[in-house]
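Here is my_file36.cif, consisting of mmCIF, C-alpha atoms:
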```
data_work
loop_
_atom_site.group_PDB
_atom_site.id
_atom_site.type_symbol
_atom_site.label_atom_id
_atom_site.label_comp_id
_atom_site.auth_asym_id
_atom_site.auth_seq_id
_atom_site.Cartn_x
_atom_site.Cartn_y
_atom_site.Cartn_z
ATOM 1 C CA MET S 26 9.418 -23.085 69.332
ATOM 2 C CA LYS S 27 5.862 -23.104 70.781
ATOM 3 C CA ALA S 28 3.273 -20.666 69.459
ATOM 4 C CA TRP S 29 1.208 -18.947 72.159
ATOM 5 C CA GLY S 30 -2.251 -20.431 72.645
ATOM 6 C CA ASP S 31 -1.863 -23.619 70.603
ATOM 7 C CA ASN S 32 0.143 -26.778 70.394
ATOM 8 C CA VAL S 33 1.468 -26.312 66.830
ATOM 9 C CA THR S 34 5.173 -26.648 66.507
ATOM 10 C CA ILE S 35 6.766 -24.447 63.808
ATOM 11 C CA ASP S 36 10.200 -25.283 62.549
ATOM 12 C CA PRO S 37 12.088 -21.995 62.036
ATOM 13 C CA GLY S 38 13.769 -23.464 58.952
ATOM 14 C CA GLN S 39 10.449 -24.071 57.129
ATOM 15 C CA PRO S 40 8.047 -21.478 55.651
ATOM 16 C CA ASP S 41 4.782 -20.758 57.400
ATOM 17 C CA PRO S 42 1.989 -22.898 55.804
ATOM 18 C CA ALA S 43 -0.380 -19.925 56.010
ATOM 19 C CA SER S 44 1.984 -17.730 53.998
ATOM 20 C CA ILE S 45 2.310 -20.414 51.324
ATOM 21 C CA SER S 46 -1.447 -20.652 50.854
ATOM 22 C CA ASN S 47 -1.720 -16.890 50.306
ATOM 23 C CA GLN S 48 0.938 -16.698 47.535
ATOM 24 C CA PRO S 49 -0.246 -16.675 43.911
ATOM 25 C CA GLU S 50 0.404 -19.906 42.058
ATOM 26 C CA LEU S 51 3.136 -19.586 39.421
ATOM 27 C CA PRO S 52 2.134 -20.619 35.876
ATOM 28 C CA ARG S 53 3.232 -24.099 35.023
ATOM 29 C CA PRO S 54 5.476 -24.514 31.943
ATOM 30 C CA GLN S 55 3.367 -25.376 28.919
ATOM 31 C CA PRO S 56 4.557 -28.043 26.511
ATOM 32 C CA ALA S 57 5.780 -26.637 23.184
ATOM 33 C CA THR S 58 3.093 -27.120 20.561
ATOM 34 C CA GLY S 59 3.486 -26.537 16.848
ATOM 35 C CA ASN S 60 1.314 -24.052 14.990
ATOM 36 C CA VAL S 61 1.277 -24.128 11.216
ATOM 37 C CA PHE S 62 0.115 -20.506 11.001
ATOM 38 C CA VAL S 63 2.000 -18.655 13.747
ATOM 39 C CA GLY S 64 5.583 -19.107 14.890
ATOM 40 C CA PRO S 65 7.822 -17.396 17.461
ATOM 41 C CA ASN S 66 8.040 -14.278 15.266
ATOM 42 C CA GLY S 67 4.382 -14.033 14.268
ATOM 43 C CA ILE S 68 2.753 -15.269 11.066
ATOM 44 C CA ARG S 69 5.013 -17.848 9.470
ATOM 45 C CA ALA S 70 7.016 -16.884 6.392
ATOM 46 C CA GLY S 71 5.121 -19.119 3.972
ATOM 47 C CA TRP S 72 1.748 -17.652 4.908
ATOM 48 C CA ARG S 73 3.052 -14.083 4.736
ATOM 49 C CA LEU S 74 4.380 -14.829 1.270
ATOM 50 C CA LEU S 75 1.005 -16.205 0.181
ATOM 51 C CA ILE S 76 -0.802 -13.175 1.638
ATOM 52 C CA PHE S 77 1.508 -10.840 -0.261
ATOM 53 C CA LEU S 78 1.055 -12.717 -3.544
ATOM 54 C CA ALA S 79 -2.719 -12.808 -3.094
ATOM 55 C CA ILE S 80 -2.828 -9.053 -2.463
ATOM 56 C CA PHE S 81 -0.513 -8.268 -5.385
ATOM 57 C CA ILE S 82 -2.219 -10.553 -7.910
ATOM 58 C CA GLY S 83 -5.662 -9.413 -6.792
ATOM 59 C CA LEU S 84 -4.812 -5.712 -7.050
ATOM 60 C CA LEU S 85 -2.969 -6.096 -10.362
ATOM 61 C CA SER S 86 -5.837 -8.094 -11.897
ATOM 62 C CA SER S 87 -8.370 -5.551 -10.662
ATOM 63 C CA ALA S 88 -6.330 -2.610 -11.921
ATOM 64 C CA GLY S 89 -5.802 -4.288 -15.293
ATOM 65 C CA PHE S 90 -9.522 -5.006 -15.587
ATOM 66 C CA VAL S 91 -10.462 -1.409 -14.785
ATOM 67 C CA VAL S 92 -7.978 0.339 -17.075
ATOM 68 C CA SER S 93 -8.687 -2.034 -19.962
ATOM 69 C CA ARG S 94 -12.316 -0.912 -19.859
ATOM 70 C CA ILE S 95 -11.268 2.671 -20.657
ATOM 71 C CA PRO S 96 -11.678 3.059 -24.444
ATOM 72 C CA ALA S 97 -8.545 5.179 -24.918
ATOM 73 C CA VAL S 98 -6.426 2.760 -22.883
ATOM 74 C CA ARG S 99 -7.834 -0.247 -24.717
ATOM 75 C CA ALA S 100 -7.045 1.355 -28.085
ATOM 76 C CA PHE S 101 -3.504 2.152 -26.867
ATOM 77 C CA GLN S 102 -2.941 -1.437 -25.737
ATOM 78 C CA GLN S 103 -4.200 -2.862 -29.020
ATOM 79 C CA ALA S 104 -1.852 -0.586 -30.956
ATOM 80 C CA GLN S 105 1.249 -1.911 -29.146
ATOM 81 C CA PRO S 106 3.314 -4.510 -31.069
ATOM 82 C CA LYS S 107 3.322 -7.997 -29.597
ATOM 83 C CA VAL S 108 6.958 -8.928 -30.269
ATOM 84 C CA ALA S 109 8.706 -5.576 -29.800
ATOM 85 C CA LEU S 110 9.251 -3.081 -27.017
ATOM 86 C CA THR S 111 8.091 0.521 -27.171
ATOM 87 C CA PRO S 112 8.864 3.194 -24.563
ATOM 88 C CA ALA S 113 5.206 4.073 -24.058
ATOM 89 C CA GLY S 114 4.127 0.448 -23.709
ATOM 90 C CA GLN S 115 6.943 -0.347 -21.312
ATOM 91 C CA ILE S 116 6.504 2.716 -19.098
ATOM 92 C CA SER S 117 2.733 2.235 -18.850
ATOM 93 C CA SER S 118 2.811 -1.491 -18.082
ATOM 94 C CA GLU S 119 5.809 -1.406 -15.756
ATOM 95 C CA GLY S 120 4.569 1.769 -14.082
ATOM 96 C CA LEU S 121 1.256 0.117 -13.213
ATOM 97 C CA ALA S 122 3.052 -3.001 -11.952
ATOM 98 C CA VAL S 123 5.402 -0.932 -9.754
ATOM 99 C CA LEU S 124 2.483 1.059 -8.318
ATOM 100 C CA VAL S 125 0.568 -2.104 -7.423
ATOM 101 C CA LEU S 126 3.733 -3.683 -5.995
ATOM 102 C CA LEU S 127 4.404 -0.667 -3.767
ATOM 103 C CA ILE S 128 0.814 -0.701 -2.501
ATOM 104 C CA SER S 129 1.049 -4.439 -1.792
ATOM 105 C CA ALA S 130 4.356 -4.020 0.060
ATOM 106 C CA PHE S 131 2.896 -1.075 2.020
ATOM 107 C CA ILE S 132 -0.019 -3.244 3.143
ATOM 108 C CA MET S 133 2.427 -5.919 4.283
ATOM 109 C CA CYS S 134 4.402 -3.252 6.145
ATOM 110 C CA LYS S 135 1.279 -2.494 8.159
ATOM 111 C CA ILE S 136 0.459 -6.168 8.744
ATOM 112 C CA GLU S 137 4.000 -7.064 9.800
ATOM 113 C CA LYS S 138 4.792 -3.717 11.479
ATOM 114 C CA ARG S 139 7.874 -3.320 9.324
ATOM 115 C CA SER S 140 9.210 -0.711 6.881
ATOM 116 C CA PHE S 141 10.337 -0.641 3.246
ATOM 117 C CA GLY S 142 13.885 -0.589 4.589
ATOM 118 C CA ASP S 143 13.278 -4.039 6.070
ATOM 119 C CA TYR S 144 12.516 -5.223 2.536
ATOM 120 C CA GLY S 145 15.765 -3.743 1.212
ATOM 121 C CA LEU S 146 14.345 -0.539 -0.260
ATOM 122 C CA PRO S 147 14.912 2.363 2.173
ATOM 123 C CA PRO S 148 13.157 5.405 0.655
ATOM 124 C CA ARG S 149 15.766 7.835 2.026
ATOM 125 C CA GLU S 150 18.401 6.202 -0.211
ATOM 126 C CA ALA S 151 16.297 6.258 -3.376
ATOM 127 C CA PHE S 152 18.490 6.971 -6.414
ATOM 128 C CA GLY S 153 21.394 7.792 -4.134
ATOM 129 C CA ASN S 154 25.016 6.677 -4.159
ATOM 130 C CA ARG S 155 24.281 2.947 -4.266
ATOM 131 C CA PHE S 156 22.047 3.308 -7.326
ATOM 132 C CA TRP S 157 24.631 5.339 -9.246
ATOM 133 C CA GLN S 158 27.370 2.898 -8.269
ATOM 134 C CA GLY S 159 25.305 0.057 -9.707
ATOM 135 C CA VAL S 160 24.588 1.775 -13.035
ATOM 136 C CA PRO S 161 28.172 1.790 -14.409
ATOM 137 C CA LEU S 162 28.853 -1.746 -13.162
ATOM 138 C CA GLY S 163 25.824 -3.187 -14.966
ATOM 139 C CA LEU S 164 26.766 -1.378 -18.170
ATOM 140 C CA ALA S 165 30.417 -2.442 -17.835
ATOM 141 C CA MET S 166 29.472 -6.118 -17.449
ATOM 142 C CA LEU S 167 27.228 -5.959 -20.521
ATOM 143 C CA SER S 168 30.018 -4.236 -22.494
ATOM 144 C CA LEU S 169 32.405 -7.005 -21.450
ATOM 145 C CA LEU S 170 29.964 -9.615 -22.734
ATOM 146 C CA MET S 171 29.506 -7.789 -26.048
ATOM 147 C CA ALA S 172 33.285 -7.438 -26.407
ATOM 148 C CA LEU S 173 33.783 -11.176 -25.881
ATOM 149 C CA ILE S 174 31.169 -11.992 -28.512
ATOM 150 C CA ALA S 175 32.722 -9.462 -30.927
ATOM 151 C CA LEU S 176 36.210 -10.883 -30.251
ATOM 152 C CA PHE S 177 34.997 -14.160 -31.734
ATOM 153 C CA HIS S 178 33.428 -12.307 -34.700
ATOM 154 C CA GLY S 179 29.851 -12.739 -33.518
ATOM 155 C CA PHE S 180 28.771 -9.101 -33.149
ATOM 156 C CA SER S 181 28.993 -5.892 -35.193
ATOM 157 C CA LEU S 182 27.790 -2.461 -34.087
ATOM 158 C CA GLY S 183 26.740 -1.078 -37.471
ATOM 159 C CA GLY S 184 25.731 2.541 -38.049
ATOM 160 C CA PHE S 185 23.262 4.748 -36.194
ATOM 161 C CA ALA S 186 19.592 3.897 -36.561
ATOM 162 C CA ILE S 187 18.479 7.215 -35.031
ATOM 163 C CA THR S 188 20.324 10.446 -34.288
ATOM 164 C CA GLY S 189 19.927 13.865 -32.719
ATOM 165 C CA THR S 190 16.948 14.728 -30.536
ATOM 166 C CA GLU S 191 15.218 11.468 -31.469
ATOM 167 C CA ALA S 192 18.149 9.476 -30.071
ATOM 168 C CA ILE S 193 18.116 11.520 -26.871
ATOM 169 C CA LYS S 194 14.352 11.122 -26.514
ATOM 170 C CA TYR S 195 14.385 7.357 -26.891
ATOM 171 C CA GLY S 196 17.442 7.030 -24.664
ATOM 172 C CA LEU S 197 15.731 8.914 -21.834
ATOM 173 C CA LEU S 198 12.391 7.130 -22.234
ATOM 174 C CA TYR S 199 13.987 3.694 -22.220
ATOM 175 C CA GLY S 200 16.031 4.799 -19.211
ATOM 176 C CA ILE S 201 12.807 5.522 -17.307
ATOM 177 C CA GLY S 202 11.250 2.300 -18.502
ATOM 178 C CA PHE S 203 14.144 0.115 -17.392
ATOM 179 C CA ILE S 204 14.442 1.832 -14.025
ATOM 180 C CA LEU S 205 10.822 0.778 -13.498
ATOM 181 C CA VAL S 206 11.736 -2.757 -14.588
ATOM 182 C CA GLY S 207 14.615 -2.782 -12.107
ATOM 183 C CA ILE S 208 12.446 -1.538 -9.241
ATOM 184 C CA PHE S 209 9.689 -4.041 -9.968
ATOM 185 C CA GLU S 210 11.856 -7.134 -10.363
ATOM 186 C CA GLU S 211 14.277 -6.335 -7.547
ATOM 187 C CA LEU S 212 11.674 -5.232 -4.983
ATOM 188 C CA SER S 213 9.508 -8.264 -5.693
ATOM 189 C CA PHE S 214 12.133 -11.024 -5.940
ATOM 190 C CA ARG S 215 15.111 -9.660 -3.991
ATOM 191 C CA GLY S 216 13.005 -7.404 -1.789
ATOM 192 C CA TYR S 217 9.822 -8.568 -0.132
ATOM 193 C CA MET S 218 9.932 -12.218 -1.168
ATOM 194 C CA GLN S 219 13.647 -12.592 -0.372
ATOM 195 C CA SER S 220 13.248 -10.968 3.040
ATOM 196 C CA THR S 221 10.196 -13.027 3.924
ATOM 197 C CA LEU S 222 11.378 -16.385 2.637
ATOM 198 C CA ALA S 223 14.826 -15.897 4.186
ATOM 199 C CA SER S 224 13.216 -15.455 7.603
ATOM 200 C CA GLY S 225 11.898 -18.991 7.241
ATOM 201 C CA ILE S 226 14.648 -20.945 5.446
ATOM 202 C CA GLY S 227 17.734 -18.703 5.457
ATOM 203 C CA PHE S 228 19.210 -16.141 3.050
ATOM 204 C CA TRP S 229 20.912 -18.316 0.437
ATOM 205 C CA PRO S 230 18.277 -21.074 0.263
ATOM 206 C CA ALA S 231 15.696 -18.328 -0.312
ATOM 207 C CA ALA S 232 17.901 -16.646 -2.936
ATOM 208 C CA ILE S 233 18.361 -19.926 -4.825
ATOM 209 C CA VAL S 234 14.636 -20.746 -4.831
ATOM 210 C CA LEU S 235 13.647 -17.249 -5.963
ATOM 211 C CA SER S 236 16.374 -17.135 -8.641
ATOM 212 C CA ILE S 237 15.036 -20.366 -10.129
ATOM 213 C CA VAL S 238 11.526 -18.885 -10.183
ATOM 214 C CA PHE S 239 12.882 -15.608 -11.592
ATOM 215 C CA GLY S 240 14.596 -17.435 -14.447
ATOM 216 C CA ALA S 241 11.558 -19.599 -15.161
ATOM 217 C CA ILE S 242 9.278 -16.562 -15.418
ATOM 218 C CA HIS S 243 11.510 -15.163 -18.168
ATOM 219 C CA LEU S 244 10.497 -18.100 -20.354
ATOM 220 C CA GLN S 245 7.175 -16.298 -20.808
ATOM 221 C CA ASN S 246 8.931 -13.618 -22.887
ATOM 222 C CA SER S 247 8.531 -13.961 -26.623
ATOM 223 C CA GLY S 248 11.726 -15.382 -28.138
ATOM 224 C CA GLU S 249 13.246 -16.402 -24.788
ATOM 225 C CA ALA S 250 15.008 -19.781 -24.493
ATOM 226 C CA ILE S 251 16.266 -21.960 -21.681
ATOM 227 C CA TYR S 252 19.799 -20.488 -21.806
ATOM 228 C CA GLY S 253 18.503 -16.962 -21.381
ATOM 229 C CA ALA S 254 16.275 -18.078 -18.511
ATOM 230 C CA VAL S 255 19.254 -19.740 -16.798
ATOM 231 C CA MET S 256 21.229 -16.511 -17.197
ATOM 232 C CA ALA S 257 18.361 -14.548 -15.639
ATOM 233 C CA GLY S 258 18.423 -16.937 -12.699
ATOM 234 C CA GLY S 259 22.195 -16.492 -12.445
ATOM 235 C CA PHE S 260 21.748 -12.728 -12.394
ATOM 236 C CA GLY S 261 19.240 -13.236 -9.572
ATOM 237 C CA LEU S 262 22.004 -14.795 -7.473
ATOM 238 C CA VAL S 263 24.411 -11.957 -8.311
ATOM 239 C CA ALA S 264 21.754 -9.404 -7.347
ATOM 240 C CA ALA S 265 21.099 -11.262 -4.088
ATOM 241 C CA PHE S 266 24.854 -11.208 -3.390
ATOM 242 C CA SER S 267 24.895 -7.439 -3.951
ATOM 243 C CA LEU S 268 21.982 -7.103 -1.507
ATOM 244 C CA LEU S 269 23.952 -9.050 1.088
ATOM 245 C CA ARG S 270 27.064 -6.882 0.634
ATOM 246 C CA THR S 271 25.497 -3.415 0.180
ATOM 247 C CA GLY S 272 22.576 -3.799 2.572
ATOM 248 C CA ASN S 273 19.856 -2.656 0.179
ATOM 249 C CA LEU S 274 18.451 -3.052 -3.317
ATOM 250 C CA TRP S 275 19.349 0.295 -4.869
ATOM 251 C CA PHE S 276 22.709 -1.003 -6.129
ATOM 252 C CA ALA S 277 21.002 -4.005 -7.761
ATOM 253 C CA ILE S 278 18.320 -1.771 -9.280
ATOM 254 C CA GLY S 279 21.027 0.386 -10.869
ATOM 255 C CA MET S 280 22.826 -2.683 -12.285
ATOM 256 C CA HIS S 281 19.583 -4.209 -13.542
ATOM 257 C CA ALA S 282 18.356 -1.030 -15.234
ATOM 258 C CA SER S 283 21.647 -0.235 -16.980
ATOM 259 C CA TRP S 284 22.119 -3.818 -18.217
ATOM 260 C CA ASP S 285 18.649 -3.874 -19.798
ATOM 261 C CA TRP S 286 19.021 -0.321 -21.160
ATOM 262 C CA GLY S 287 22.387 -1.201 -22.683
ATOM 263 C CA GLU S 288 21.017 -4.327 -24.374
ATOM 264 C CA THR S 289 17.832 -2.776 -25.665
ATOM 265 C CA TYR S 290 18.850 0.749 -26.597
ATOM 266 C CA LEU S 291 22.619 1.268 -26.589
ATOM 267 C CA TYR S 292 23.822 -1.966 -28.237
ATOM 268 C CA SER S 293 20.436 -2.483 -29.888
ATOM 269 C CA VAL S 294 20.319 -6.267 -29.495
ATOM 270 C CA PRO S 295 17.486 -8.559 -28.356
ATOM 271 C CA ASP S 296 16.684 -8.409 -24.641
ATOM 272 C CA SER S 297 15.147 -11.703 -23.496
ATOM 273 C CA GLY S 298 14.076 -12.235 -27.092
ATOM 274 C CA LEU S 299 12.534 -8.768 -27.594
ATOM 275 C CA ILE S 300 13.706 -6.026 -29.968
ATOM 276 C CA ALA S 301 13.008 -2.379 -29.146
ATOM 277 C CA GLN S 302 11.505 0.206 -31.416
ATOM 278 C CA GLY S 303 13.695 3.307 -31.409
ATOM 279 C CA HIS S 304 16.995 1.525 -30.713
ATOM 280 C CA LEU S 305 20.209 3.465 -31.298
ATOM 281 C CA LEU S 306 22.289 1.262 -33.627
ATOM 282 C CA ASN S 307 21.868 -1.099 -36.568
ATOM 283 C CA SER S 308 23.727 -3.877 -34.754
ATOM 284 C CA SER S 309 23.874 -7.457 -35.981
ATOM 285 C CA PHE S 310 24.807 -10.915 -34.752
ATOM 286 C CA HIS S 311 26.543 -13.471 -36.946
ATOM 287 C CA GLY S 312 27.780 -16.813 -35.781
ATOM 288 C CA PRO S 313 26.598 -19.849 -33.849
ATOM 289 C CA THR S 314 23.858 -19.524 -31.267
ATOM 290 C CA TRP S 315 26.157 -20.626 -28.424
ATOM 291 C CA LEU S 316 28.244 -17.522 -29.140
ATOM 292 C CA THR S 317 25.636 -14.868 -29.897
ATOM 293 C CA GLY S 318 22.593 -16.147 -28.061
ATOM 294 C CA GLY S 319 20.604 -16.057 -31.304
ATOM 295 C CA THR S 320 17.112 -14.600 -31.025
ATOM 296 C CA VAL S 321 17.418 -14.555 -27.223
ATOM 297 C CA GLY S 322 20.190 -11.982 -27.376
ATOM 298 C CA PRO S 323 23.538 -11.887 -25.546
ATOM 299 C CA GLU S 324 21.885 -13.289 -22.410
ATOM 300 C CA GLY S 325 21.860 -16.623 -24.244
ATOM 301 C CA SER S 326 25.593 -16.579 -25.048
ATOM 302 C CA ALA S 327 27.842 -19.139 -23.382
ATOM 303 C CA PHE S 328 30.111 -16.257 -22.319
ATOM 304 C CA VAL S 329 27.433 -14.910 -20.011
ATOM 305 C CA PHE S 330 28.377 -17.348 -17.250
ATOM 306 C CA LEU S 331 31.976 -16.105 -17.260
ATOM 307 C CA VAL S 332 30.682 -12.546 -17.062
ATOM 308 C CA LEU S 333 28.443 -13.442 -14.119
ATOM 309 C CA LEU S 334 31.436 -14.854 -12.244
ATOM 310 C CA ILE S 335 33.453 -11.692 -12.931
ATOM 311 C CA TRP S 336 30.434 -9.650 -11.887
ATOM 312 C CA ALA S 337 30.194 -11.437 -8.535
ATOM 313 C CA ALA S 338 33.961 -11.032 -8.012
ATOM 314 C CA ALA S 339 33.672 -7.291 -8.695
ATOM 315 C CA ILE S 340 30.957 -6.961 -6.045
ATOM 316 C CA HIS S 341 33.091 -8.987 -3.642
ATOM 317 C CA PHE S 342 36.053 -6.613 -3.983
ATOM 318 C CA LEU S 343 33.993 -3.411 -4.166
ATOM 319 C CA PHE S 344 32.027 -4.268 -1.027
ATOM 320 C CA PRO S 345 34.129 -6.485 1.257
ATOM 321 C CA ALA S 346 32.292 -8.517 3.856
ATOM 322 C CA LYS S 347 32.196 -6.761 7.205
ATOM 323 C CA PRO S 348 34.027 -8.695 9.942
ATOM 324 C CA LEU S 349 31.817 -10.235 12.595
ATOM 325 C CA ARG S 350 31.853 -8.425 15.897
ATOM 326 C CA SER S 351 33.302 -10.455 18.744
#
```
Turn this file's structure into structure tokens for me.
Amino acid sequence: MKAWGDNVTIDPGQPDPASISNQPELPRPQPATGNVFVGPNGIRAGWRLLIFLAIFIGLLSSAGFVVSRIPAVRAFQQAQPKVALTPAGQISSEGLAVLVLLISAFIMCKIEKRSFGDYGLPPREAFGNRFWQGVPLGLAMLSLLMALIALFHGFSLGGFAITGTEAIKYGLLYGIGFILVGIFEELSFRGYMQSTLASGIGFWPAAIVLSIVFGAIHLQNSGEAIYGAVMAGGFGLVAAFSLLRTGNLWFAIGMHASWDWGETYLYSVPDSGLIAQGHLLNSSFHGPTWLTGGTVGPEGSAFVFLVLLIWAAAIHFLFPAKPLRS
């Protein structure tokens, strides 16, 4: 058609050039570029892990430096035996480590805008049903291991080393101490680090890597050996499996605490190469190292791998995998 007053011909099937010039220009697609620090979900997993470790190590070193300068604390630390556990030494050292770990995780919560529940430790479920379900299973698996060793004449209970109120006191104190151990080791390895590393490489690759590190760290314990360290790594995989099936760490914390408490106090055998002061029984090992674990304790026994398999099977049947929603 003809526009009035000019000779411009406008095709009704085409947009008006004037209207096109007045429209905002759409952003052009940008080529995807890699960024070693930031990914689609924010700071990449590896850097978040390094930030967490830097915060934790820095705070723990600072706290250790400060408290060691207190004369009473320094005298207490010097009085602790180097190759044996004591309730006071364990509660003080593990308590400080747990406090620093919680502060470090809290800082990461603020940085990442996440919660403790995202790291597998929902506060509302603290010491709830999952924890108390884990306690008897950990103790049952340890009892199975001790029974297998005894069946082959490698373990004897012996008589009571302590009785009465003293036995109750040490039992409760070691219970507190090993709950702190369970919280520290599970929140660090199967909590924050598992959650963060899994976001980068997947759940099971992260669990395998962290279990290897977890086992290797146990070699620092006095009297520990490679077999005990491998068992610790195997337990790391079982604990990760329980996290996958139960949805949080409280079940694993209960298992971890009761296993260590049973070794150290109830059955009174070496735990990662360490003997506890104030243990309940005068137990003894007798037989080859492959059977008893020797100075490492039952964690170094060849039967421990069978027990770990049974342990994983028990978790599988107690907490069946939820079917995927279609």
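Here atom CA of Val91 of chain S stands at a distance of 15.4 Å from atom CA of Gly120 of chain S.
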*asked:* Using only C-alpha atoms for the distances, tell me which of S:Gln302, S:Thr190, S:Gln219, S:Ser309 is nearest to Ala265 of chain S.
replied: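 Of S:Gln302, S:Thr190, S:Gln219, S:Ser309, the one nearest Ala265 of chain S, counting only C-alpha atoms, is S:Gln219.
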*Name the closest residue to Ile128 of chain S among the candidates S:Gly142, S:Gly240, S:Gly83, S:Gly114; distances are taken between atoms, counting only C-alpha atoms.*
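Under the stated criterion, the closest residue is S:Gly83.
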*With only C-alpha atoms as the basis for distance, which of S:Gly145, S:Gly303, S:Pro295, S:Gly319 is at the shortest distance from Val108 of chain S?*
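Using only C-alpha atoms, the shortest distance to Val108 of chain S belongs to S:Pro295.
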*Pick from S:Val238, S:Ala282, S:Ile208, S:Leu291: nearest to Ile193 of chain S, with only C-alpha atoms counted?*
S:Leu291
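Proximity to Tyr199 of chain S was assessed for S:Ala301, S:Ala100, S:Val263, S:Leu162 counting all atoms listed in the file; the smallest distance is recorded for S:Ala301.
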*When you draw a straight line from atom CA of Ala88 of chain S to atom CA of Phe209 of chain S, how long is it in Å?*
16.2 Å
*Point out the residue among S:Leu121, S:Ala264, S:Leu305, S:Leu343 with the least atom-to-atom distance to Leu182 of chain S, counting only C-alpha atoms.*
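Smallest separation from Leu182 of chain S among the options: S:Leu305.
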*Mind telling me what the PyMOL selection byres ((chain S and resi 143) around 10) catches here, as a ChimeraX atom specification?*
/S:134,139-142,144-147,216-217,220-221,272-273
Keeping only C-alpha atoms, write those residues as a compact mmCIF listing (two decimals), keeping the file's coordinate frame.
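Dumped everything to result19.txt:
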```txt
# COMPACT_ATOMS: atom_id res chain seq x y z
CA CYS S 134 4.40 -3.25 6.14
CA ARG S 139 7.87 -3.32 9.32
CA SER S 140 9.21 -0.71 6.88
CA PHE S 141 10.34 -0.64 3.25
CA GLY S 142 13.88 -0.59 4.59
CA TYR S 144 12.52 -5.22 2.54
CA GLY S 145 15.76 -3.74 1.21
CA LEU S 146 14.34 -0.54 -0.26
CA PRO S 147 14.91 2.36 2.17
CA GLY S 216 13.00 -7.40 -1.79
CA TYR S 217 9.82 -8.57 -0.13
CA SER S 220 13.25 -10.97 3.04
CA THR S 221 10.20 -13.03 3.92
CA GLY S 272 22.58 -3.80 2.57
CA ASN S 273 19.86 -2.66 0.18
```
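With only the atoms specified (all atoms listed in the file) counting, those residues at most 10 Å away from (12.6, -0.6, -16.6) are Pro112, Gln115, Ile116, Ser118, Glu119, Gly120, Val123, Leu198, Tyr199, Gly200, Ile201, Gly202, Phe203, Ile204, Leu205, Val206, Gly207, Ile208, Phe209, Glu210, Ile278, His281, Ala282, Ser283, Asp285 and Trp286 of chain S.
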Selection under test: the PyMOL selection byres ((chain S and resi 300) around 10); residues as an mmCIF file with C-alpha atoms, in the coordinates of the input:
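Final file, part.cif:
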```cif
data_model
loop_
_atom_site.group_PDB
_atom_site.id
_atom_site.type_symbol
_atom_site.label_atom_id
_atom_site.label_comp_id
_atom_site.auth_asym_id
_atom_site.auth_seq_id
_atom_site.Cartn_x
_atom_site.Cartn_y
_atom_site.Cartn_z
ATOM 1 C CA VAL S 108 6.958 -8.928 -30.269
ATOM 2 C CA ALA S 109 8.706 -5.576 -29.800
ATOM 3 C CA LEU S 110 9.251 -3.081 -27.017
ATOM 4 C CA THR S 111 8.091 0.521 -27.171
ATOM 5 C CA GLY S 248 11.726 -15.382 -28.138
ATOM 6 C CA GLU S 288 21.017 -4.327 -24.374
ATOM 7 C CA THR S 289 17.832 -2.776 -25.665
ATOM 8 C CA TYR S 290 18.850 0.749 -26.597
ATOM 9 C CA SER S 293 20.436 -2.483 -29.888
ATOM 10 C CA VAL S 294 20.319 -6.267 -29.495
ATOM 11 C CA PRO S 295 17.486 -8.559 -28.356
ATOM 12 C CA ASP S 296 16.684 -8.409 -24.641
ATOM 13 C CA SER S 297 15.147 -11.703 -23.496
ATOM 14 C CA GLY S 298 14.076 -12.235 -27.092
ATOM 15 C CA LEU S 299 12.534 -8.768 -27.594
ATOM 16 C CA ALA S 301 13.008 -2.379 -29.146
ATOM 17 C CA GLN S 302 11.505 0.206 -31.416
ATOM 18 C CA GLY S 303 13.695 3.307 -31.409
ATOM 19 C CA HIS S 304 16.995 1.525 -30.713
ATOM 20 C CA THR S 320 17.112 -14.600 -31.025
ATOM 21 C CA VAL S 321 17.418 -14.555 -27.223
ATOM 22 C CA GLY S 322 20.190 -11.982 -27.376
#
```
*Separation of atom CA of Leu262 of chain S and atom CA of Gly312 of chain S, in Å?*
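Computed distance, atom CA of Leu262 of chain S to atom CA of Gly312 of chain S, equals 29.0 Å.
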*Kindly resolve the PyMOL selection byres ((chain S and resi 168) around 12) on the present coordinates and return the residues as an MDAnalysis selection string.*
chainID S and resid 161:167 169:176 180 182 283:288 291:292 323 329 332 336
So that all listed atoms of segment 91-101 of chain S fit with 5 Å spare on each side, what axis-aligned box centre and edge lengths in Å, to one decimal, would you give as lines of an AutoDock Vina configuration file?
```
center_x = -7.9
center_y = 1.6
center_z = -21.4
size_x = 18.8
size_y = 17.2
size_z = 23.3
```
*asked:* For a quick check of your reading of the model, name the residues lying within 9 Å of the coordinate (25.3, 1.6, -37.6), counting only C-alpha atoms, and write them as a PyMOL selection string.
replied: chain S and resi 181-186+305-308
Selection file, C-alpha atoms, as a compact mmCIF listing (two decimals), in the frame of the given file:
```txt
# COMPACT_ATOMS: atom_id res chain seq x y z
CA SER S 181 28.99 -5.89 -35.19
CA LEU S 182 27.79 -2.46 -34.09
CA GLY S 183 26.74 -1.08 -37.47
CA GLY S 184 25.73 2.54 -38.05
CA PHE S 185 23.26 4.75 -36.19
CA ALA S 186 19.59 3.90 -36.56
CA LEU S 305 20.21 3.46 -31.30
CA LEU S 306 22.29 1.26 -33.63
CA ASN S 307 21.87 -1.10 -36.57
CA SER S 308 23.73 -3.88 -34.75
```
*Pick out the residues sitting within 8 Å of segment 251-257 of chain S, and hand them over as a list of chain:residue names; count only C-alpha atoms, and ignore anything fewer than 3 positions along from it in its own chain.*
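Selected residues are S:Ser236, S:Ile237, S:Phe239, S:Gly240, S:Ala241, S:Ile242, S:His243, S:Leu244, S:Phe260, S:Gly261, S:Ser297, S:Gly318, S:Val321, S:Gly322, S:Glu324, S:Gly325, S:Ser326, S:Val329, S:Phe330.
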